[in-house]
$ cat upload_39.tsv   # TSV, C-alpha atoms and all ligand atoms
chain	number	residue	atom	x	y	z
A	134	MET	CA	102.90	79.90	89.28
A	135	PRO	CA	99.19	80.78	89.06
A	136	LYS	CA	98.44	84.39	89.90
A	137	ILE	CA	95.93	85.41	92.55
A	138	PHE	CA	94.47	88.87	93.08
A	139	SER	CA	91.77	90.13	95.43
A	140	GLY	CA	90.82	93.14	97.50
A	141	VAL	CA	88.79	94.37	100.45
A	142	GLN	CA	87.26	97.81	100.86
A	143	PRO	CA	88.44	99.86	103.86
A	144	THR	CA	84.89	100.87	104.72
A	145	SER	CA	84.96	99.41	108.25
A	146	ILE	CA	86.58	96.57	110.14
A	147	PRO	CA	85.96	93.44	108.00
A	148	THR	CA	83.08	91.21	109.07
A	149	LEU	CA	83.10	87.52	109.83
A	150	GLY	CA	81.53	87.15	106.36
A	151	ASN	CA	84.44	88.96	104.69
A	152	TYR	CA	86.85	86.73	106.55
A	153	LEU	CA	85.16	83.35	106.03
A	154	GLY	CA	84.02	84.08	102.46
A	155	ALA	CA	87.21	85.63	101.12
A	156	MET	CA	90.12	86.64	103.38
A	157	LYS	CA	90.65	83.19	104.90
A	158	ASN	CA	91.26	81.86	101.40
A	159	PHE	CA	93.69	84.69	100.64
A	160	VAL	CA	95.92	83.09	103.27
A	161	THR	CA	95.67	79.46	102.13
A	162	LEU	CA	96.16	80.41	98.49
A	163	GLN	CA	99.63	81.77	99.32
A	164	GLU	CA	100.82	78.16	99.07
A	165	GLY	CA	101.80	77.47	95.46
A	166	ASN	CA	100.57	80.75	93.97
A	167	ASP	CA	101.78	84.30	93.40
A	168	CYS	CA	99.38	86.43	95.44
A	169	ILE	CA	98.57	90.12	95.30
A	170	TYR	CA	96.17	91.61	97.85
A	171	CYS	CA	94.83	95.11	97.80
A	172	ILE	CA	93.15	97.63	100.06
A	173	VAL	CA	90.68	99.02	97.54
A	174	ASP	CA	90.24	102.57	98.82
A	175	GLU	CA	89.13	103.88	95.41
A	176	HIS	CA	86.23	101.45	95.51
A	177	ALA	CA	85.39	102.55	99.03
A	178	ILE	CA	84.81	106.17	97.94
A	179	THR	CA	82.04	105.23	95.48
A	180	LEU	CA	79.88	106.13	98.47
A	181	PRO	CA	80.97	109.15	100.55
A	182	GLN	CA	83.41	108.35	103.39
A	183	ASP	CA	84.60	110.43	106.29
A	184	PRO	CA	88.29	111.29	105.54
A	185	VAL	CA	89.46	110.57	109.09
A	186	GLU	CA	87.53	107.30	109.26
A	187	ILE	CA	88.74	105.93	105.93
A	188	GLN	CA	92.36	106.78	106.79
A	189	LYS	CA	91.96	104.77	110.01
A	190	ASN	CA	90.22	101.92	108.22
A	191	ILE	CA	93.03	101.67	105.66
A	192	HIS	CA	95.59	101.34	108.44
A	193	ASN	CA	93.49	98.85	110.40
A	194	LEU	CA	92.81	96.72	107.34
A	195	ALA	CA	96.54	96.55	106.59
A	196	ALA	CA	97.16	95.30	110.14
A	197	LEU	CA	94.36	92.78	109.83
A	198	TYR	CA	95.73	91.43	106.56
A	199	LEU	CA	99.02	90.66	108.31
A	200	ALA	CA	97.29	89.37	111.45
A	201	ILE	CA	95.30	86.74	109.53
A	202	GLY	CA	98.53	85.48	107.98
A	203	ILE	CA	99.24	87.35	104.77
A	204	ASP	CA	103.02	87.08	104.55
A	205	PRO	CA	104.58	90.15	102.95
A	206	LYS	CA	107.68	88.12	102.04
A	207	ARG	CA	105.57	85.91	99.81
A	208	SER	CA	102.63	88.13	98.81
A	209	ILE	CA	102.26	91.71	97.66
A	210	LEU	CA	100.05	93.88	99.89
A	211	PHE	CA	99.30	97.44	98.79
A	212	ILE	CA	96.84	100.33	98.72
A	213	GLN	CA	94.98	100.75	95.41
A	214	SER	CA	95.27	104.56	95.23
A	215	GLU	CA	99.07	104.32	95.54
A	216	VAL	CA	99.26	102.61	92.15
A	217	PRO	CA	97.73	105.06	89.65
A	218	CYS	CA	97.51	102.39	86.94
A	219	HIS	CA	94.26	101.18	88.56
A	220	ALA	CA	92.43	104.42	87.87
A	221	GLN	CA	94.06	104.65	84.44
A	222	LEU	CA	93.09	101.15	83.29
A	223	GLY	CA	89.76	101.65	85.07
A	224	TRP	CA	89.01	104.48	82.65
A	225	ILE	CA	89.90	102.31	79.67
A	226	MET	CA	87.65	99.51	80.98
A	227	GLN	CA	84.81	102.03	81.32
A	228	CYS	CA	85.25	102.80	77.65
A	229	VAL	CA	85.01	99.06	76.88
A	230	SER	CA	81.82	98.68	79.01
A	231	TYR	CA	78.22	99.26	77.93
A	232	MET	CA	75.77	101.26	80.05
A	233	GLY	CA	73.20	98.45	79.81
A	234	GLU	CA	75.44	95.79	81.30
A	235	LEU	CA	76.57	98.10	84.12
A	236	GLU	CA	72.98	99.06	84.94
A	237	ARG	CA	72.10	95.37	85.20
A	238	MET	CA	74.58	94.68	88.02
A	239	THR	CA	72.74	93.64	91.20
A	240	GLN	CA	75.09	95.57	93.48
A	241	TYR	CA	74.52	98.77	91.48
A	242	LYS	CA	70.76	98.29	91.66
A	243	ASP	CA	70.89	97.63	95.42
A	244	LYS	CA	73.22	100.48	96.30
A	245	SER	CA	71.56	103.08	94.06
A	246	GLN	CA	68.04	102.22	95.13
A	247	GLY	CA	66.16	105.10	96.71
A	248	LYS	CA	68.91	107.66	95.99
A	249	ASN	CA	67.88	110.69	93.98
A	250	ALA	CA	71.49	111.63	93.25
A	251	ILE	CA	73.39	108.46	92.32
A	252	PRO	CA	77.19	108.81	92.32
A	253	ALA	CA	78.47	107.81	88.85
A	254	GLY	CA	81.19	105.79	90.58
A	255	LEU	CA	78.55	103.31	91.77
A	256	LEU	CA	77.84	102.50	88.14
A	257	THR	CA	81.49	102.38	87.08
A	258	TYR	CA	82.67	100.32	90.08
A	259	PRO	CA	82.78	97.04	88.08
A	260	PRO	CA	85.08	98.34	85.28
A	261	LEU	CA	87.47	99.59	87.98
A	262	MET	CA	87.34	96.16	89.61
A	263	ALA	CA	88.04	94.60	86.21
A	264	ALA	CA	91.10	96.83	85.91
A	265	ASP	CA	92.33	95.79	89.37
A	266	ILE	CA	92.23	92.15	88.34
A	267	LEU	CA	93.42	92.44	84.75
A	268	LEU	CA	96.49	94.57	85.58
A	269	TYR	CA	98.16	91.55	87.21
A	270	HIS	CA	97.31	88.85	84.63
A	271	THR	CA	95.28	87.20	87.38
A	272	ASP	CA	94.25	83.56	87.00
A	273	LEU	CA	92.12	83.22	90.13
A	274	VAL	CA	90.14	85.74	92.20
A	275	PRO	CA	89.07	84.57	95.69
A	276	VAL	CA	85.74	86.28	96.48
A	277	GLY	CA	82.40	85.72	98.17
A	278	ALA	CA	79.33	84.76	96.12
A	279	ASP	CA	78.15	88.39	95.92
A	280	GLN	CA	81.07	89.19	93.60
A	281	LYS	CA	80.35	86.43	91.06
A	282	GLN	CA	78.46	88.76	88.74
A	283	HIS	CA	81.29	91.34	88.75
A	284	LEU	CA	83.76	88.58	87.93
A	285	GLU	CA	81.66	87.51	84.97
A	286	LEU	CA	81.64	91.08	83.72
A	287	THR	CA	85.42	91.26	84.15
A	288	ARG	CA	85.76	88.18	81.93
A	289	ASP	CA	83.38	89.67	79.32
A	290	LEU	CA	85.30	92.97	79.21
A	291	ALA	CA	88.67	91.20	78.94
A	292	GLU	CA	87.42	88.97	76.12
A	293	ARG	CA	85.83	91.91	74.33
A	294	PHE	CA	89.08	93.86	74.50
A	295	ASN	CA	91.23	90.91	73.43
A	296	ASN	CA	88.99	90.13	70.46
A	297	LYS	CA	89.08	93.69	69.24
A	298	TYR	CA	92.67	94.80	69.98
A	299	GLY	CA	94.71	91.63	70.44
A	300	GLU	CA	95.50	89.31	73.36
A	301	VAL	CA	96.52	91.67	76.17
A	302	PHE	CA	94.55	90.26	79.12
A	303	THR	CA	94.46	86.92	80.92
A	304	ILE	CA	90.87	85.75	81.46
A	305	PRO	CA	90.42	85.28	85.25
A	306	GLU	CA	88.32	82.67	87.07
A	307	PRO	CA	86.47	83.28	90.33
A	308	TYR	CA	87.43	81.20	93.39
A	309	ILE	CA	84.26	80.90	95.46
A	310	PRO	CA	84.47	78.53	98.45
A	311	PRO	CA	81.90	75.69	98.71
A	312	VAL	CA	81.06	76.70	102.32
A	313	GLY	CA	81.12	80.30	103.55
A	314	ALA	CA	80.65	82.14	100.24
A	315	ARG	CA	77.55	83.77	101.64
A	316	ILE	CA	77.50	84.22	105.40
A	317	MET	CA	74.08	85.57	106.33
A	318	SER	CA	72.93	88.29	108.71
A	319	LEU	CA	72.32	86.97	112.23
A	320	ALA	CA	69.21	89.13	112.56
A	321	GLU	CA	67.72	88.40	109.13
A	322	PRO	CA	69.29	85.19	107.81
A	323	THR	CA	67.83	85.59	104.31
A	324	LYS	CA	70.12	88.64	103.78
A	325	LYS	CA	73.92	88.54	103.53
A	326	MET	CA	75.93	89.66	106.54
A	327	SER	CA	77.03	93.18	105.75
A	328	LYS	CA	79.28	95.86	107.22
A	329	SER	CA	76.67	98.52	106.74
A	330	ASP	CA	73.74	96.75	108.44
A	331	LYS	CA	71.97	99.20	110.76
A	332	ASN	CA	70.97	96.38	113.12
A	333	LYS	CA	73.93	96.03	115.47
A	334	LYS	CA	73.06	92.40	116.27
A	335	ALA	CA	73.21	91.33	112.61
A	336	THR	CA	76.94	91.49	111.99
A	337	ILE	CA	80.00	90.06	113.70
A	338	PHE	CA	83.13	92.10	113.08
A	339	THR	CA	86.48	90.35	113.17
A	340	LEU	CA	87.66	92.58	116.03
A	341	ASP	CA	84.54	92.22	118.19
A	342	SER	CA	85.10	91.39	121.87
A	343	GLU	CA	84.28	87.95	123.22
A	344	LYS	CA	81.33	89.43	125.09
A	345	ASP	CA	79.85	91.01	121.95
A	346	ILE	CA	80.32	87.84	119.90
A	347	ILE	CA	78.52	85.74	122.51
A	348	LYS	CA	75.71	88.29	122.78
A	349	LYS	CA	75.22	88.48	119.00
A	350	ILE	CA	75.22	84.72	118.48
A	351	LYS	CA	72.89	84.15	121.44
A	352	SER	CA	70.37	86.52	119.88
A	353	ALA	CA	70.73	85.13	116.33
A	354	ILE	CA	67.36	84.43	114.72
A	355	THR	CA	66.64	80.70	114.29
A	356	ASP	CA	63.18	79.05	114.06
A	357	ASP	CA	60.81	77.21	116.39
A	358	GLU	CA	61.43	73.69	115.19
A	359	ALA	CA	64.07	73.08	117.88
A	360	SER	CA	66.13	70.68	115.80
A	361	ILE	CA	69.59	71.24	114.42
A	362	ARG	CA	69.68	70.27	110.77
A	363	TYR	CA	70.96	71.87	107.58
A	364	ASP	CA	68.28	73.35	105.31
A	365	ARG	CA	69.06	76.71	103.79
A	366	GLU	CA	65.48	77.22	102.56
A	367	GLN	CA	63.45	76.16	105.60
A	368	LYS	CA	66.04	76.84	108.32
A	369	PRO	CA	68.28	79.68	107.10
A	370	GLY	CA	69.27	80.82	110.60
A	371	VAL	CA	70.38	77.42	111.90
A	372	SER	CA	72.07	76.58	108.57
A	373	ASN	CA	74.01	79.84	108.70
A	374	LEU	CA	75.19	79.04	112.24
A	375	LEU	CA	76.19	75.55	111.08
A	376	ASP	CA	78.26	77.06	108.24
A	377	ILE	CA	79.94	79.47	110.67
A	378	TYR	CA	80.55	76.72	113.23
A	379	SER	CA	81.96	74.37	110.60
A	380	LEU	CA	84.37	76.96	109.19
A	381	CYS	CA	85.53	78.13	112.62
A	382	SER	CA	86.04	74.63	114.05
A	383	GLY	CA	87.19	72.69	110.98
A	384	ARG	CA	84.43	70.09	111.58
A	385	SER	CA	82.12	69.21	108.69
A	386	VAL	CA	78.46	70.28	108.76
A	387	ASP	CA	77.38	66.60	108.68
A	388	ASP	CA	79.55	65.83	111.68
A	389	LEU	CA	78.07	68.78	113.60
A	390	VAL	CA	74.50	67.84	112.72
A	391	SER	CA	74.93	64.34	114.12
A	392	ALA	CA	76.80	65.61	117.19
A	393	TYR	CA	73.89	67.97	118.06
A	394	GLN	CA	71.04	65.53	117.51
A	395	GLY	CA	68.51	65.97	120.27
A	396	LYS	CA	70.27	69.02	121.70
A	397	GLY	CA	68.76	72.48	122.05
A	398	TYR	CA	69.56	75.80	120.38
A	399	GLY	CA	70.92	77.28	123.62
A	400	GLU	CA	73.73	74.78	123.95
A	401	PHE	CA	74.36	74.88	120.20
A	402	LYS	CA	74.70	78.67	120.16
A	403	THR	CA	77.05	78.62	123.16
A	404	ASP	CA	79.34	76.27	121.24
A	405	VAL	CA	79.12	78.24	117.99
A	406	ALA	CA	80.13	81.39	119.88
A	407	GLU	CA	83.01	79.56	121.53
A	408	ALA	CA	84.27	78.37	118.13
A	409	VAL	CA	84.10	81.89	116.66
A	410	VAL	CA	85.86	83.43	119.67
A	411	GLY	CA	88.52	80.72	119.58
A	412	MET	CA	89.22	81.27	115.90
A	413	LEU	CA	89.36	85.05	116.15
A	414	LYS	CA	91.39	85.29	119.36
A	415	PRO	CA	94.88	84.63	117.88
A	416	ILE	CA	94.08	86.97	114.98
A	417	GLN	CA	93.07	89.71	117.39
A	418	GLU	CA	96.23	89.21	119.47
A	419	LYS	CA	98.46	89.55	116.41
A	420	TYR	CA	96.44	92.54	115.28
A	421	ASN	CA	96.97	94.30	118.60
A	422	ASN	CA	100.72	93.79	118.34
A	423	LEU	CA	100.85	95.06	114.77
A	424	ILE	CA	98.61	98.06	114.93
A	425	GLU	CA	101.21	100.37	116.50
A	426	SER	CA	104.23	99.01	114.67
A	427	SER	CA	106.06	100.85	111.91
A	428	GLU	CA	106.27	97.60	109.95
A	429	LEU	CA	102.92	98.37	108.34
A	430	ASP	CA	104.06	101.43	106.40
A	431	GLU	CA	107.15	99.64	105.16
A	432	VAL	CA	105.11	96.68	103.94
A	433	LEU	CA	102.65	98.95	102.14
A	434	ASP	CA	105.38	101.08	100.52
A	435	GLU	CA	107.21	98.04	99.28
A	436	GLY	CA	103.95	96.46	98.12
A	437	ALA	CA	102.97	99.53	96.11
A	438	GLU	CA	106.37	99.56	94.41
A	439	LYS	CA	106.17	95.90	93.43
A	440	ALA	CA	102.58	96.18	92.26
A	441	TYR	CA	103.40	99.28	90.21
A	442	ALA	CA	106.20	97.48	88.39
A	443	ILE	CA	103.75	94.83	87.17
A	444	ALA	CA	100.75	97.09	86.59
A	445	ARG	CA	102.74	99.66	84.61
A	446	LYS	CA	103.71	97.09	82.01
A	447	THR	CA	100.12	95.86	81.52
A	448	LEU	CA	98.86	99.43	81.23
A	449	LYS	CA	101.52	100.16	78.62
A	450	ASP	CA	100.62	97.05	76.62
A	451	THR	CA	96.95	98.04	76.79
A	452	GLU	CA	97.61	101.56	75.56
A	453	GLN	CA	99.83	100.26	72.81
A	454	ALA	CA	97.10	97.88	71.65
A	455	LEU	CA	94.69	100.84	71.59
A	456	GLY	CA	97.17	103.00	69.71
A	457	ILE	CA	97.22	105.74	72.34
B	501	LIG	P1	81.40	94.27	101.85
B	501	LIG	O1	80.72	93.51	100.76
B	501	LIG	O2	81.25	93.65	103.20
B	501	LIG	O3	81.17	95.74	101.82
B	501	LIG	P2	83.90	94.07	100.36
B	501	LIG	O4	83.16	94.53	99.17
B	501	LIG	O5	85.15	94.74	100.72
B	501	LIG	O6	82.98	94.15	101.63
B	501	LIG	O7	84.10	92.52	100.26
B	501	LIG	C1	85.31	91.85	100.54
B	501	LIG	C2	85.12	90.39	100.22
B	501	LIG	O8	84.24	89.78	101.17
B	501	LIG	C3	84.49	90.12	98.85
B	501	LIG	O9	85.17	89.04	98.25
B	501	LIG	C4	83.06	89.75	99.16
B	501	LIG	O10	82.52	88.88	98.18
B	501	LIG	C5	83.24	89.04	100.49
B	501	LIG	N1	82.01	89.08	101.29
B	501	LIG	C6	81.33	90.19	101.67
B	501	LIG	N2	80.28	89.87	102.43
B	501	LIG	C7	80.27	88.51	102.55
B	501	LIG	C8	79.42	87.58	103.22
B	501	LIG	N3	78.36	87.97	103.92
B	501	LIG	N4	79.73	86.26	103.12
B	501	LIG	C9	80.80	85.84	102.42
B	501	LIG	N5	81.63	86.68	101.76
B	501	LIG	C10	81.39	88.00	101.82
B	502	NA	NA	81.08	93.40	98.37
$ encode --input "upload_39.tsv" --output "C-alpha cells" --more "lines below"
Ligand code: ADP
Ligand code: NA
Amino acid sequence: MPKIFSGVQPTSIPTLGNYLGAMKNFVTLQEGNDCIYCIVDEHAITLPQDPVEIQKNIHNLAALYLAIGIDPKRSILFIQSEVPCHAQLGWIMQCVSYMGELERMTQYKDKSQGKNAIPAGLLTYPPLMAADILLYHTDLVPVGADQKQHLELTRDLAERFNNKYGEVFTIPEPYIPPVGARIMSLAEPTKKMSKSDKNKKATIFTLDSEKDIIKKIKSAITDDEASIRYDREQKPGVSNLLDIYSLCSGRSVDDLVSAYQGKGYGEFKTDVAEAVVGMLKPIQEKYNNLIESSELDEVLDEGAEKAYAIARKTLKDTEQALGI
C-alpha cells in the first residue's frame, strides 16, 4: 500500500486553513494507504514556546487528530520527540543540505525577517522535515501549498543522498488539494490564514465557538462590487469565502456562484458561517469527549512504538550507507 506521512505543529489549536488544506485529507487518505501522522513538537520549538502552553497544545492536537477521524487502529499517530530517529536523521540531512538552498526557503526568509538573533533551527527546519518524511519511505505527503517548496527540497536531498551513497530513500510526492491548499486571512485576503496572526478577526480556529465564527465571517473583508463570483486576483476575499463554503458544504464553487446570483454579501456570509459551524460542530463534540480520556496517552504510546520500529531501520540503513 502507498505510504502517507504528514505532521502539524503544536503551536496552537489548528486553524480552519490547517484543517481544510491538510488535516481533512489526512482522514480521507486513510482509505487504501498506510498513514503515519505526527505532532511535530521539535519543529514547533524552532521559535521559542512556553513550556506549559506547548504541553497543552500537544495534548489538544492529539485529541483533535482523533476527533477529525484519524483512526488509531488503521493509522499511526505519534509525537515527534518520542522517536529520537527524527533528530538523528535530521542531523544527517543537515549535513546533506547546502546553506544557500536553506537560505532561499521562503518560510525561513519570512520567519527570520526583522530578527537580530535568528535561531539556527529556523534555517535547519527543512532538513528535519525531510527526515520526518524519509524515515517512513513515504510516497505521498498531504500538505498545504505553503509547504510545496519544503517538499521539493526534501526530494532534492533524498536524490542527492541516493546518488552519492546508494538507494536508501523513497522519493516522496506532495499531495496538495485543488481547492483549499491556501485558505486566506479573513482580514487581509492576500495573506494566508495563519495561527500567529495578531489580528483576532483574521483566523478561524477549529475549536472556535459558533458565536466567534459568525462574528469573524461577518467581518471578513470583501470588496464593493456586491456580486458573488470567483476571481482570486480581483476578488480575493469573496473567492476565499467561496473556497471555504465549498469545502465545508461539499457543493462546488460553480454551483455556489450560480445559487448566489443577485444576492448580497450579508446573506452569503450568514450561509458561509452556517456551513463552517455545521462542519466543525461534530468535530468539536468528539473533541470534548476525548480531551479528558486516558485513551489519548495509550494511542500516543503505541504510535511512538510503531513509528520507532520503522524509523529505526531506515536510520540504520542510512548510517550503514554512510559508513558510520
Ligand atoms: P501553520 O503553518 O499554521 O503554522 P503547520 O506548519 O503546522 O501550521 O501546518 C500544518 C499544515 O497546514 C501544513 O500542511 C500546512 O501547509 C497547512 N496549512 C497551514 N496554513 C494553511 C492555510 N492557510 N491554508 C491551507 N493549508 C494550510
Ligand atoms: Na506551515
$ residues_near_point --input "upload_39.tsv" --point "(104.8, 97.7, 104.4)" --cutoff "12 Å" --atoms "only C-alpha atoms" --output "ChimeraX atom specification"
/A:192,195-196,198-199,203-206,208-212,423,426-439
$ residues_near_ligand --input "upload_39.tsv" --ligand "ligand LIG 501 (chain B)" --cutoff "9 Å" --atoms "only C-alpha atoms and all ligand atoms" --output "JSON, numbers by chain"
{"A": [139, 140, 141, 142, 143, 144, 145, 147, 148, 149, 150, 151, 152, 153, 154, 155, 156, 172, 173, 176, 177, 274, 275, 276, 277, 278, 279, 280, 281, 309, 313, 314, 315, 316, 317, 318, 324, 325, 326, 327, 328, 329, 336]}
$ residues_around --input "upload_39.tsv" --residues "Lys136 of chain A" --least-positions-apart "5" --cutoff "8 Å" --atoms "all atoms listed in the file" --output "NGL selection string"
:A and (166-169 or 269-273)
$ write_last_selection --input "upload_39.tsv" --atoms "C-alpha atoms" --output "PDB file, in the coordinates of the input"
ATOM      1  CA  ASN A 166     100.570  80.750  93.970  1.00  0.00           C
ATOM      2  CA  ASP A 167     101.780  84.300  93.400  1.00  0.00           C
ATOM      3  CA  CYS A 168      99.380  86.430  95.440  1.00  0.00           C
ATOM      4  CA  ILE A 169      98.570  90.120  95.300  1.00  0.00           C
ATOM      5  CA  TYR A 269      98.160  91.550  87.210  1.00  0.00           C
ATOM      6  CA  HIS A 270      97.310  88.850  84.630  1.00  0.00           C
ATOM      7  CA  THR A 271      95.280  87.200  87.380  1.00  0.00           C
ATOM      8  CA  ASP A 272      94.250  83.560  87.000  1.00  0.00           C
ATOM      9  CA  LEU A 273      92.120  83.220  90.130  1.00  0.00           C
TER      10      LEU A 273
END
$ residues_around --input "upload_39.tsv" --residues "Gly411 of chain A" --least-positions-apart "5" --cutoff "10 Å" --atoms "only C-alpha atoms" --output "ChimeraX atom specification"
/A:343,381-382,405-406,416
$ closest_residue --input "upload_39.tsv" --among "A:Glu358, A:Glu236, A:Glu366, A:Glu400" --to "His283 of chain A" --atoms "only C-alpha atoms"
A:Glu236
$ residues_around --input "upload_39.tsv" --residues "Phe294 of chain A" --least-positions-apart "4" --cutoff "12 Å" --atoms "only C-alpha atoms" --output "number ranges by chain"
A: 225-230, 263-264, 267, 287-290, 298-304, 451-452, 454-455
$ closest_residue --input "upload_39.tsv" --among "A:Gln282, A:Pro184, A:Lys157, A:Gly202" --to "ligand NA 502 (chain B)" --atoms "all atoms listed in the file"
A:Gln282
$ decode --input "upload_39.tsv" --residues "segment 198-211 of chain A" --atoms "N, CA and C atoms" --output "tab-separated table (two decimals), in the first residue's frame"
chain	number	residue	atom	x	y	z
A	198	TYR	N	-6.77	15.33	16.37
A	198	TYR	CA	-6.49	14.32	15.34
A	198	TYR	C	-7.55	13.21	15.39
A	199	LEU	N	-7.82	12.72	16.59
A	199	LEU	CA	-8.81	11.65	16.72
A	199	LEU	C	-10.22	12.17	16.42
A	200	ALA	N	-10.50	13.39	16.85
A	200	ALA	CA	-11.85	13.96	16.66
A	200	ALA	C	-12.18	14.16	15.18
A	201	ILE	N	-11.19	14.48	14.36
A	201	ILE	CA	-11.49	14.68	12.93
A	201	ILE	C	-11.65	13.34	12.22
A	202	GLY	N	-11.19	12.25	12.86
A	202	GLY	CA	-11.41	10.94	12.25
A	202	GLY	C	-10.15	10.14	11.96
A	203	ILE	N	-9.02	10.54	12.51
A	203	ILE	CA	-7.84	9.68	12.39
A	203	ILE	C	-8.11	8.45	13.28
A	204	ASP	N	-8.01	7.29	12.67
A	204	ASP	CA	-8.37	6.05	13.35
A	204	ASP	C	-7.08	5.32	13.78
A	205	PRO	N	-6.82	5.30	15.09
A	205	PRO	CA	-5.55	4.73	15.54
A	205	PRO	C	-5.42	3.22	15.28
A	206	LYS	N	-6.52	2.58	14.89
A	206	LYS	CA	-6.40	1.16	14.53
A	206	LYS	C	-5.82	1.02	13.12
A	207	ARG	N	-6.03	2.04	12.31
A	207	ARG	CA	-5.54	1.98	10.93
A	207	ARG	C	-4.26	2.80	10.74
A	208	SER	N	-4.15	3.92	11.45
A	208	SER	CA	-3.05	4.86	11.21
A	208	SER	C	-2.19	4.98	12.45
A	209	ILE	N	-0.94	5.35	12.24
A	209	ILE	CA	-0.04	5.59	13.37
A	209	ILE	C	-0.08	7.08	13.71
A	210	LEU	N	-0.31	7.38	14.98
A	210	LEU	CA	-0.31	8.77	15.46
A	210	LEU	C	0.72	8.87	16.59
A	211	PHE	N	1.67	9.79	16.46
A	211	PHE	CA	2.71	9.86	17.50
A	211	PHE	C	3.30	11.27	17.61
